[in-house]
>>> print(open('entry.txt').read())   # compact mmCIF, C-alpha atoms
# COMPACT_ATOMS: atom_id res chain seq x y z
CA MET P 1 19.65 8.93 -12.25
CA THR P 2 20.42 5.79 -10.23
CA ALA P 3 19.61 6.68 -6.67
CA LYS P 4 21.05 5.27 -3.46
CA ILE P 5 17.90 4.05 -1.75
CA MET P 6 16.96 3.44 1.85
CA ILE P 7 13.76 1.44 2.40
CA LEU P 8 11.93 2.22 5.61
CA GLY P 9 9.88 -0.83 6.59
CA TYR P 10 10.35 -4.38 5.35
CA GLY P 11 6.84 -5.69 4.81
CA PRO P 12 5.69 -7.11 1.46
CA VAL P 13 6.30 -3.87 -0.47
CA GLY P 14 9.70 -3.23 1.12
CA GLN P 15 10.76 -6.80 0.44
CA ALA P 16 9.67 -6.57 -3.19
CA ILE P 17 11.59 -3.31 -3.67
CA ALA P 18 14.76 -4.79 -2.17
CA ALA P 19 14.43 -7.95 -4.27
CA GLN P 20 14.00 -6.00 -7.50
CA LEU P 21 16.95 -3.76 -6.75
CA SER P 22 19.07 -6.81 -5.95
CA GLY P 23 17.96 -8.48 -9.17
CA THR P 24 19.45 -5.62 -11.17
CA GLY P 25 22.68 -5.56 -9.19
CA ARG P 26 21.74 -2.63 -6.99
CA GLY P 27 21.96 -2.49 -3.25
CA ALA P 28 19.67 -0.87 -0.72
CA VAL P 29 19.61 -0.01 2.95
CA ILE P 30 16.80 -1.68 4.90
CA ALA P 31 15.87 0.37 7.95
CA GLN P 32 13.60 -0.76 10.76
CA ARG P 33 13.75 -1.67 14.43
CA LYS P 34 14.29 -5.41 14.02
CA GLN P 35 16.78 -7.01 11.67
CA PRO P 36 15.08 -9.22 9.05
CA ALA P 37 15.87 -12.92 9.08
CA ALA P 38 17.27 -12.69 5.56
CA LEU P 39 18.11 -10.01 3.02
CA PRO P 40 18.74 -10.26 -0.73
CA PRO P 41 22.30 -9.87 -2.04
CA GLY P 42 23.51 -6.29 -1.87
CA ALA P 43 21.05 -5.20 0.83
CA GLU P 44 22.30 -3.75 4.10
CA TYR P 45 20.44 -3.52 7.39
CA ARG P 46 20.52 -0.44 9.62
CA ALA P 47 18.73 -0.40 12.95
CA CYS P 48 16.29 2.49 13.00
CA ASP P 49 13.36 3.70 15.05
CA ALA P 50 11.32 5.83 12.66
CA LEU P 51 9.55 7.52 15.59
CA ASP P 52 12.93 8.80 16.82
CA GLN P 53 14.08 11.65 14.58
CA ALA P 54 17.78 11.30 15.47
CA SER P 55 17.70 7.57 14.77
CA LEU P 56 16.05 8.02 11.38
CA THR P 57 18.36 10.88 10.42
CA ALA P 58 21.44 8.80 11.24
CA ALA P 59 20.16 5.81 9.27
CA LEU P 60 19.39 7.87 6.16
CA ARG P 61 22.82 9.50 5.99
CA GLY P 62 24.56 8.80 2.67
CA ASN P 63 21.40 7.92 0.74
CA ASP P 64 19.67 9.88 -2.02
CA VAL P 65 16.09 8.67 -1.55
CA LEU P 66 14.02 7.42 1.34
CA ILE P 67 11.24 5.05 0.24
CA CYS P 68 8.69 4.73 3.01
CA SER P 69 6.81 1.43 2.86
CA ILE P 70 6.19 1.24 6.59
CA GLY P 71 2.89 0.14 8.04
CA LEU P 72 1.43 0.98 11.43
CA ALA P 73 -1.03 -1.06 13.46
CA TYR P 74 -4.52 -0.92 11.99
CA ASP P 75 -5.85 1.29 14.74
CA ALA P 76 -7.16 4.86 14.39
CA GLY P 77 -5.67 5.89 17.72
CA VAL P 78 -2.22 4.66 16.70
CA TRP P 79 -2.50 6.44 13.35
CA GLU P 80 -3.53 9.73 14.98
CA ARG P 81 -0.67 9.51 17.43
CA ASP P 82 2.16 8.22 15.23
CA TRP P 83 1.64 9.13 11.57
CA PRO P 84 2.08 12.93 11.95
CA ARG P 85 5.20 12.34 14.03
CA LEU P 86 6.55 9.80 11.55
CA MET P 87 5.97 12.14 8.62
CA ALA P 88 7.67 15.01 10.46
CA ASN P 89 10.65 12.76 11.21
CA MET P 90 10.94 11.61 7.60
CA LEU P 91 10.85 15.17 6.30
CA ALA P 92 13.45 16.29 8.85
CA ALA P 93 15.72 13.34 8.05
CA CYS P 94 15.43 13.95 4.30
CA GLU P 95 16.21 17.62 4.72
CA ALA P 96 19.29 16.81 6.80
CA ALA P 97 20.51 14.23 4.27
CA ARG P 98 19.47 16.29 1.24
CA ALA P 99 17.46 13.26 0.20
CA ARG P 100 14.12 12.94 -1.55
CA LEU P 101 11.10 11.10 -0.18
CA VAL P 102 8.97 8.50 -1.98
CA PHE P 103 5.96 7.79 0.19
CA VAL P 104 4.06 4.57 -0.59
CA ASP P 105 0.60 5.69 0.47
CA ASP P 106 -2.93 4.30 0.44
CA LEU P 107 -6.31 5.70 -0.67
CA TYR P 108 -7.86 6.26 2.74
CA MET P 109 -7.75 10.04 2.35
CA HIS P 110 -10.53 9.87 -0.25
CA GLY P 111 -14.18 9.66 0.73
CA PRO P 112 -16.97 7.83 -1.14
CA GLN P 113 -16.49 7.97 -4.91
CA ARG P 114 -18.80 7.79 -7.91
CA GLN P 115 -16.01 7.58 -10.45
CA ALA P 116 -12.44 6.32 -10.66
CA ILE P 117 -10.06 7.89 -8.13
CA ASP P 118 -7.31 9.98 -9.67
CA GLU P 119 -4.79 12.60 -8.56
CA ASN P 120 -7.49 15.29 -8.45
CA SER P 121 -9.87 13.42 -6.16
CA LEU P 122 -10.70 15.34 -3.00
CA LEU P 123 -9.10 14.59 0.36
CA ASP P 124 -12.55 14.26 1.90
CA ALA P 125 -12.48 11.02 3.89
CA PRO P 126 -15.06 11.07 6.69
CA GLY P 127 -13.39 8.55 9.02
CA ARG P 128 -10.57 8.93 11.54
CA LYS P 129 -7.91 6.99 9.62
CA GLY P 130 -8.78 8.75 6.38
CA LYS P 131 -8.49 12.14 8.05
CA VAL P 132 -5.03 11.17 9.30
CA ARG P 133 -3.93 10.30 5.78
CA ALA P 134 -5.30 13.60 4.48
CA ALA P 135 -3.50 15.49 7.24
CA ILE P 136 -0.11 13.91 6.57
CA THR P 137 -0.61 14.53 2.84
CA ARG P 138 -0.99 18.23 3.59
CA GLN P 139 2.03 17.92 5.87
CA TRP P 140 4.41 16.87 3.10
CA GLN P 141 2.75 19.16 0.57
CA ALA P 142 3.45 22.16 2.81
CA ASN P 143 7.15 21.29 3.18
CA THR P 144 9.18 23.16 0.56
CA ALA P 145 12.58 21.94 1.76
CA VAL P 146 12.09 18.29 0.76
CA LYS P 147 11.09 16.92 -2.63
CA THR P 148 8.35 14.36 -2.02
CA ALA P 149 6.38 12.07 -4.30
CA ALA P 150 3.50 9.96 -3.01
CA LEU P 151 2.48 6.71 -4.66
CA ARG P 152 -1.15 6.05 -3.74
CA VAL P 153 -1.95 2.35 -3.86
CA THR P 154 -5.26 0.50 -3.74
CA ASP P 155 -5.67 -2.86 -1.95
CA PHE P 156 -2.69 -4.94 -2.99
CA TYR P 157 -1.97 -8.61 -3.46
CA GLY P 158 0.92 -10.79 -4.52
CA PRO P 159 3.28 -13.59 -3.50
CA GLY P 160 4.02 -13.38 0.20
CA VAL P 161 1.17 -10.94 0.89
CA THR P 162 -0.84 -12.60 3.65
CA LEU P 163 -2.56 -9.69 5.41
CA SER P 164 -4.66 -8.32 2.59
CA VAL P 165 -8.15 -8.59 1.13
CA LEU P 166 -6.93 -11.41 -1.14
CA GLY P 167 -4.38 -12.82 1.29
CA GLU P 168 -4.34 -15.71 3.73
CA GLU P 169 -8.09 -15.67 4.40
CA VAL P 170 -8.95 -15.84 0.69
CA ILE P 171 -6.31 -17.29 -1.63
CA GLY P 172 -4.54 -18.92 1.30
CA LYS P 173 -7.70 -20.76 2.32
CA LEU P 174 -8.30 -21.96 -1.24
CA ALA P 175 -4.71 -23.20 -1.49
CA ALA P 176 -5.25 -25.21 1.70
CA GLY P 177 -8.37 -26.80 0.23
CA GLY P 178 -10.76 -24.70 2.26
CA THR P 179 -13.29 -21.92 1.75
CA ALA P 180 -12.24 -18.35 0.97
CA ARG P 181 -13.50 -15.87 3.56
CA LEU P 182 -14.08 -12.47 2.00
CA GLY P 183 -14.67 -9.25 3.92
CA ILE P 184 -15.84 -7.12 0.98
CA ASN P 185 -18.70 -7.26 -1.50
CA ALA P 186 -18.01 -10.13 -3.86
CA ASP P 187 -19.90 -8.70 -6.81
CA GLN P 188 -18.78 -5.07 -7.07
CA PRO P 189 -15.78 -4.32 -9.35
CA HIS P 190 -12.72 -3.57 -7.24
CA ALA P 191 -9.23 -2.48 -8.27
CA PHE P 192 -6.29 -4.49 -6.92
CA ALA P 193 -2.59 -3.62 -7.24
CA TYR P 194 0.11 -6.26 -7.68
CA VAL P 195 2.93 -5.85 -5.15
CA PRO P 196 5.78 -6.43 -7.63
CA ASP P 197 4.22 -3.61 -9.70
CA VAL P 198 4.12 -1.35 -6.64
CA ALA P 199 7.80 -2.04 -6.02
CA ALA P 200 8.71 -1.30 -9.64
CA ALA P 201 6.73 1.97 -9.55
CA ALA P 202 8.43 3.07 -6.31
CA ILE P 203 11.86 2.45 -7.84
CA LEU P 204 10.90 4.41 -10.97
CA LEU P 205 9.98 7.37 -8.77
CA ALA P 206 13.19 7.04 -6.76
CA ASP P 207 15.22 7.27 -9.96
CA ALA P 208 13.06 9.94 -11.62
CA SER P 209 14.00 13.57 -12.16
CA ASP P 210 12.82 16.26 -9.77
CA GLU P 211 9.86 17.17 -11.99
CA ALA P 212 8.16 13.93 -10.88
CA TYR P 213 8.17 15.18 -7.30
CA GLY P 214 5.95 17.58 -5.40
CA ARG P 215 2.85 15.60 -6.25
CA ALA P 216 0.91 12.38 -5.72
CA TRP P 217 0.69 9.61 -8.31
CA LEU P 218 -1.99 6.93 -8.54
CA MET P 219 -0.57 3.42 -8.74
CA PRO P 220 -1.61 1.78 -12.02
CA CYS P 221 -3.39 -1.54 -11.66
CA ALA P 222 -5.24 -4.00 -13.85
CA PRO P 223 -8.84 -3.14 -14.78
CA ALA P 224 -11.19 -3.64 -11.85
CA ARG P 225 -12.86 -7.04 -11.59
CA THR P 226 -15.27 -8.41 -9.02
CA PRO P 227 -13.65 -10.28 -6.13
CA ARG P 228 -15.79 -13.27 -7.09
CA ALA P 229 -14.16 -13.32 -10.54
CA VAL P 230 -10.69 -12.90 -9.05
CA ILE P 231 -11.30 -15.75 -6.60
CA GLY P 232 -12.43 -17.85 -9.56
CA MET P 233 -9.07 -17.18 -11.23
CA ALA P 234 -7.22 -18.28 -8.10
CA ALA P 235 -9.30 -21.41 -7.73
CA SER P 236 -8.75 -22.31 -11.38
CA ALA P 237 -4.99 -21.88 -11.00
CA LEU P 238 -5.03 -24.09 -7.91
CA GLY P 239 -7.31 -26.69 -9.44
CA VAL P 240 -9.92 -26.37 -6.69
CA LYS P 241 -13.54 -25.31 -6.45
CA PRO P 242 -14.07 -21.56 -5.85
CA ARG P 243 -15.66 -21.98 -2.43
CA LEU P 244 -16.50 -18.58 -1.00
CA GLN P 245 -18.00 -17.26 2.21
CA VAL P 246 -18.79 -13.55 2.40
CA LEU P 247 -19.24 -11.71 5.68
CA PRO P 248 -21.96 -9.13 4.85
CA GLY P 249 -21.49 -5.50 5.82
CA TRP P 250 -24.31 -5.43 8.36
CA LEU P 251 -22.82 -8.43 10.15
CA GLN P 252 -19.34 -6.88 10.09
CA LYS P 253 -20.73 -3.80 11.85
CA LEU P 254 -22.47 -5.97 14.42
CA VAL P 255 -19.42 -8.12 15.11
CA GLY P 256 -17.31 -4.95 15.09
CA LEU P 257 -18.96 -3.95 18.36
CA PHE P 258 -16.87 -6.72 19.93
CA VAL P 259 -13.96 -7.18 17.50
CA PRO P 260 -11.73 -4.06 17.22
CA PHE P 261 -10.29 -4.93 13.79
CA LEU P 262 -13.72 -5.24 12.19
CA ARG P 263 -14.80 -2.00 13.82
CA GLU P 264 -11.81 -0.28 12.20
CA TRP P 265 -12.46 -2.05 8.88
CA THR P 266 -16.08 -0.95 8.55
CA GLU P 267 -15.01 2.71 8.76
CA THR P 268 -14.18 2.53 5.04
CA SER P 269 -17.07 0.30 3.93
CA TYR P 270 -17.71 2.73 1.05
CA GLN P 271 -14.53 1.38 -0.58
CA HIS P 272 -16.09 -2.07 -0.75
CA ASP P 273 -19.85 -1.78 -1.15
CA ARG P 274 -19.80 -0.15 -4.61
CA PRO P 275 -17.50 -0.10 -7.65
CA PHE P 276 -14.01 0.95 -6.56
CA GLN P 277 -11.80 1.94 -9.46
CA VAL P 278 -8.47 3.72 -9.81
CA ASP P 279 -7.13 5.79 -12.71
CA GLY P 280 -3.35 5.38 -12.87
CA SER P 281 -3.08 6.60 -16.46
CA ARG P 282 -0.92 9.60 -15.62
CA PHE P 283 1.77 7.37 -14.13
CA GLU P 284 1.46 4.95 -17.06
CA GLN P 285 1.98 7.75 -19.57
CA ARG P 286 4.83 9.42 -17.68
CA PHE P 287 6.84 6.24 -17.11
CA GLY P 288 5.64 3.95 -19.91
CA PHE P 289 4.35 1.62 -17.21
CA ARG P 290 2.00 -1.30 -17.80
CA PRO P 291 0.47 -3.06 -14.80
CA THR P 292 0.51 -6.85 -14.57
CA PRO P 293 -2.80 -8.39 -15.73
CA LEU P 294 -4.77 -10.24 -13.06
CA GLU P 295 -4.56 -13.28 -15.32
CA GLU P 296 -0.81 -13.35 -14.57
CA GLY P 297 -0.66 -11.95 -11.03
CA ILE P 298 -3.38 -14.11 -9.49
CA PRO P 299 -1.92 -17.50 -10.56
CA ALA P 300 1.53 -16.41 -9.36
CA THR P 301 0.05 -15.39 -6.04
CA ALA P 302 -1.94 -18.60 -5.74
CA ALA P 303 1.18 -20.67 -6.36
CA SER P 304 2.98 -18.86 -3.53
CA PHE P 305 0.36 -20.11 -1.05
CA VAL P 306 0.82 -23.77 -1.95
CA LYS P 307 2.70 -25.58 0.81
CA PRO P 308 5.71 -27.59 -0.40
>>> encode(input="entry.txt", output="structure tokens")
Amino acid sequence: MTAKIMILGYGPVGQAIAAQLSGTGRGAVIAQRKQPAALPPGAEYRACDALDQASLTAALRGNDVLICSIGLAYDAGVWERDWPRLMANMLAACEAARARLVFVDDLYMHGPQRQAIDENSLLDAPGRKGKVRAAITRQWQANTAVKTAALRVTDFYGPGVTLSVLGEEVIGKLAAGGTARLGINADQPHAFAYVPDVAAAAILLADASDEAYGRAWLMPCAPARTPRAVIGMAASALGVKPRLQVLPGWLQKLVGLFVPFLREWTETSYQHDRPFQVDGSRFEQRFGFRPTPLEEGIPATAASFVKP
């Protein structure tokens, strides 16, 4: 099927979804509080407050699928307050519109792992934000009135992605001739997802038959590499030296006593201090999907940080 899609949230993933739909001649509704400065051809803006059920229900009317790519402030208190309400509103709006829900999720609901994360990994996160993600997972799983599919995505990167592990502070710094500043272990293999791939996977789910719903899918990504190796790829593409400064975990915890963001970040240190791998093979097999190799995605991302 070719679904009529509404995208809730217009960050990097939402923008990539809208651009890919536009590139194939399809339109989309972009829903958020503030109108974006620019939209691709065929996209339509609808003002929407996702924390207001009536507003979200009105915006979704006439669409077949709601793709949620919204992000909330990186604060456990905000997540505990707003994510359950947001999920309840999305489910209510989808039920009213007879629409399906594609939820672009993260991996915070999983605790420390000794093997690659897959769809059967436990929802056993020990931290506050992880517990929120586990709770809202159970929230949509318990709802039998709305067909929901979650796309669980590891740390992502790509053109235009500034606020990420490989974003402005890493590849952006290299592109400016400076030193990359990394907040995770540089020498442990870590899986990264390419944002254009995430967008393509979300669209595949939106257009899929109902049998793809009622479950979570792991986003396929290139084989895990160490951040040091990935930064080397970016530096090579930019023609610069791979200068790297790593903020060690113990120092992050110390500084986190005074810097709220770092305090929140260190809650999931177990995702960064050991190998962190993702098994997206089920999605690959179901949809014939092949993730973009880092050897292609990293140079494209590096080029996007070069100032004209």
>>> residues_around(input="entry.txt", residues="P:Leu51", least_positions_apart="3", cutoff="7 Å", atoms="all atoms listed in the file", output="MDAnalysis selection string")
chainID P and resid 85:86 89
>>> closest_residue(input="entry.txt", among="P:Ile203, P:Ala212, P:Val153, P:Ala134", to="P:Glu80", atoms="all atoms listed in the file")
P:Ala134
>>> closest_atom_pairs(input="entry.txt", of="stretch 198-231 of chain P", to="stretch 97-101 of chain P", cutoff="9 Å", atoms="only C-alpha atoms", output="tab-separated table")
residue	atom	partner	partner_atom	distance
P:Ala206	CA	P:Arg100	CA	7.9
P:Asp210	CA	P:Arg100	CA	9.0
P:Tyr213	CA	P:Arg100	CA	8.6
>>> atom_distance(input="entry.txt", atom1="atom CA of P:Gly172", atom2="atom CA of P:Thr268")
23.8 Å
>>> closest_residue(input="entry.txt", among="P:Leu91, P:Leu56, P:Gln20, P:Thr154", to="P:Gln32", atoms="only C-alpha atoms")
P:Leu56
>>> closest_residue(input="entry.txt", among="P:Val146, P:Ala16, P:Leu174, P:Ala93", to="P:Pro242", atoms="all atoms listed in the file")
P:Leu174
>>> atom_distance(input="entry.txt", atom1="atom CA of P:Ala199", atom2="atom CA of P:Thr266")
28.0 Å
>>> atom_distance(input="entry.txt", atom1="atom CA of P:Pro189", atom2="atom CA of P:Thr137")
27.1 Å
>>> residues_around(input="entry.txt", residues="P:Ala3", least_positions_apart="2", cutoff="9 Å", atoms="only C-alpha atoms", output="number ranges by chain")
P: 1, 5, 63-65, 203, 206-208
>>> residues_near_point(input="entry.txt", point="(1.4, -8.1, -5.6)", cutoff="9 Å", atoms="only C-alpha atoms", output="count of residues only")
20
>>> residues_around(input="entry.txt", residues="P:Val170", least_positions_apart="6", cutoff="7 Å", atoms="all atoms listed in the file", output="JSON list (two decimals) with C-alpha atoms, in the coordinates of the input")
[["chain", "number", "residue", "atom", "x", "y", "z"],
["P", 180, "ALA", "CA", -12.24, -18.35, 0.97],
["P", 181, "ARG", "CA", -13.50, -15.87, 3.56],
["P", 182, "LEU", "CA", -14.08, -12.47, 2.00]]
>>> residues_near_point(input="entry.txt", point="(-5.6, -10.3, -14.9)", cutoff="10 Å", atoms="all atoms listed in the file", output="list in words")
Phe192, Cys221, Ala222, Pro223, Ala224, Arg225, Val230, Met233, Pro291, Thr292, Pro293, Leu294, Glu295, Glu296, Gly297, Ile298 and Pro299 of chain P
>>> closest_residue(input="entry.txt", among="P:Ala235, P:Ala28, P:Cys68, P:Val246", to="P:Met90", atoms="all atoms listed in the file")
P:Cys68
>>> closest_residue(input="entry.txt", among="P:Ala200, P:Cys48, P:Ala175, P:Ile184", to="P:Leu238", atoms="all atoms listed in the file")
P:Ala175
>>> closest_residue(input="entry.txt", among="P:Ala96, P:Ala116, P:Ala18, P:Ala176", to="P:Ile67", atoms="all atoms listed in the file")
P:Ala18
>>> build_atoms(input="entry.txt", residues="stretch 204-215 of chain P", atoms="all heavy atoms", output="short mmCIF file (atom, residue, chain, number, x, y, z; two decimals), in the frame of the given file")
data_model
loop_
_atom_site.label_atom_id
_atom_site.label_comp_id
_atom_site.auth_asym_id
_atom_site.auth_seq_id
_atom_site.Cartn_x
_atom_site.Cartn_y
_atom_site.Cartn_z
N LEU P 204 10.94 3.42 -9.88
CA LEU P 204 10.90 4.41 -10.97
C LEU P 204 10.85 5.83 -10.41
O LEU P 204 11.54 6.73 -10.92
CB LEU P 204 9.69 4.16 -11.86
CG LEU P 204 9.78 2.97 -12.83
CD1 LEU P 204 8.43 2.71 -13.48
CD2 LEU P 204 10.85 3.25 -13.91
N LEU P 205 10.05 6.04 -9.38
CA LEU P 205 9.98 7.37 -8.77
C LEU P 205 11.30 7.73 -8.10
O LEU P 205 11.75 8.88 -8.18
CB LEU P 205 8.83 7.42 -7.76
CG LEU P 205 7.43 7.55 -8.33
CD1 LEU P 205 6.39 7.46 -7.22
CD2 LEU P 205 7.27 8.89 -9.07
N ALA P 206 11.91 6.77 -7.44
CA ALA P 206 13.19 7.04 -6.76
C ALA P 206 14.25 7.50 -7.75
O ALA P 206 15.09 8.36 -7.43
CB ALA P 206 13.66 5.79 -6.01
N ASP P 207 14.21 6.95 -8.95
CA ASP P 207 15.22 7.27 -9.96
C ASP P 207 14.80 8.42 -10.87
O ASP P 207 15.59 8.86 -11.72
CB ASP P 207 15.50 6.04 -10.83
CG ASP P 207 16.24 4.94 -10.08
OD1 ASP P 207 16.86 5.24 -9.05
OD2 ASP P 207 16.17 3.77 -10.52
N ALA P 208 13.58 8.92 -10.72
CA ALA P 208 13.06 9.94 -11.62
C ALA P 208 13.68 11.31 -11.37
O ALA P 208 14.27 11.57 -10.30
CB ALA P 208 11.54 10.03 -11.48
N SER P 209 13.53 12.19 -12.32
CA SER P 209 14.00 13.57 -12.16
C SER P 209 13.09 14.33 -11.20
O SER P 209 11.99 13.88 -10.87
CB SER P 209 14.04 14.28 -13.51
OG SER P 209 12.75 14.29 -14.09
N ASP P 210 13.54 15.48 -10.77
CA ASP P 210 12.82 16.26 -9.77
C ASP P 210 11.41 16.65 -10.21
O ASP P 210 10.53 16.88 -9.39
CB ASP P 210 13.60 17.52 -9.40
CG ASP P 210 14.82 17.22 -8.53
OD1 ASP P 210 14.93 16.08 -8.04
OD2 ASP P 210 15.65 18.14 -8.35
N GLU P 211 11.18 16.73 -11.52
CA GLU P 211 9.86 17.17 -11.99
C GLU P 211 8.77 16.17 -11.65
O GLU P 211 7.58 16.49 -11.69
CB GLU P 211 9.86 17.48 -13.48
CG GLU P 211 10.32 16.36 -14.39
CD GLU P 211 9.21 15.40 -14.75
OE1 GLU P 211 8.04 15.79 -14.64
OE2 GLU P 211 9.53 14.25 -15.14
N ALA P 212 9.15 14.93 -11.29
CA ALA P 212 8.16 13.93 -10.88
C ALA P 212 7.75 14.07 -9.43
O ALA P 212 6.86 13.36 -8.96
CB ALA P 212 8.70 12.52 -11.14
N TYR P 213 8.41 15.00 -8.74
CA TYR P 213 8.17 15.18 -7.30
C TYR P 213 7.26 16.38 -7.04
O TYR P 213 6.87 17.10 -7.95
CB TYR P 213 9.50 15.34 -6.56
CG TYR P 213 10.23 14.01 -6.40
CD1 TYR P 213 10.79 13.37 -7.50
CD2 TYR P 213 10.32 13.38 -5.16
CE1 TYR P 213 11.43 12.14 -7.37
CE2 TYR P 213 10.96 12.17 -5.01
CZ TYR P 213 11.51 11.54 -6.12
OH TYR P 213 12.13 10.33 -5.98
N GLY P 214 6.86 16.51 -5.77
CA GLY P 214 5.95 17.58 -5.40
C GLY P 214 4.52 17.26 -5.73
O GLY P 214 3.68 18.17 -5.83
N ARG P 215 4.20 15.97 -5.86
CA ARG P 215 2.85 15.60 -6.25
C ARG P 215 2.58 14.15 -5.84
O ARG P 215 3.49 13.41 -5.47
CB ARG P 215 2.67 15.73 -7.75
CG ARG P 215 3.65 14.90 -8.57
CD ARG P 215 3.24 14.79 -10.02
NE ARG P 215 1.96 14.12 -10.13
CZ ARG P 215 1.25 14.08 -11.25
NH1 ARG P 215 1.69 14.68 -12.34
NH2 ARG P 215 0.10 13.43 -11.31
#
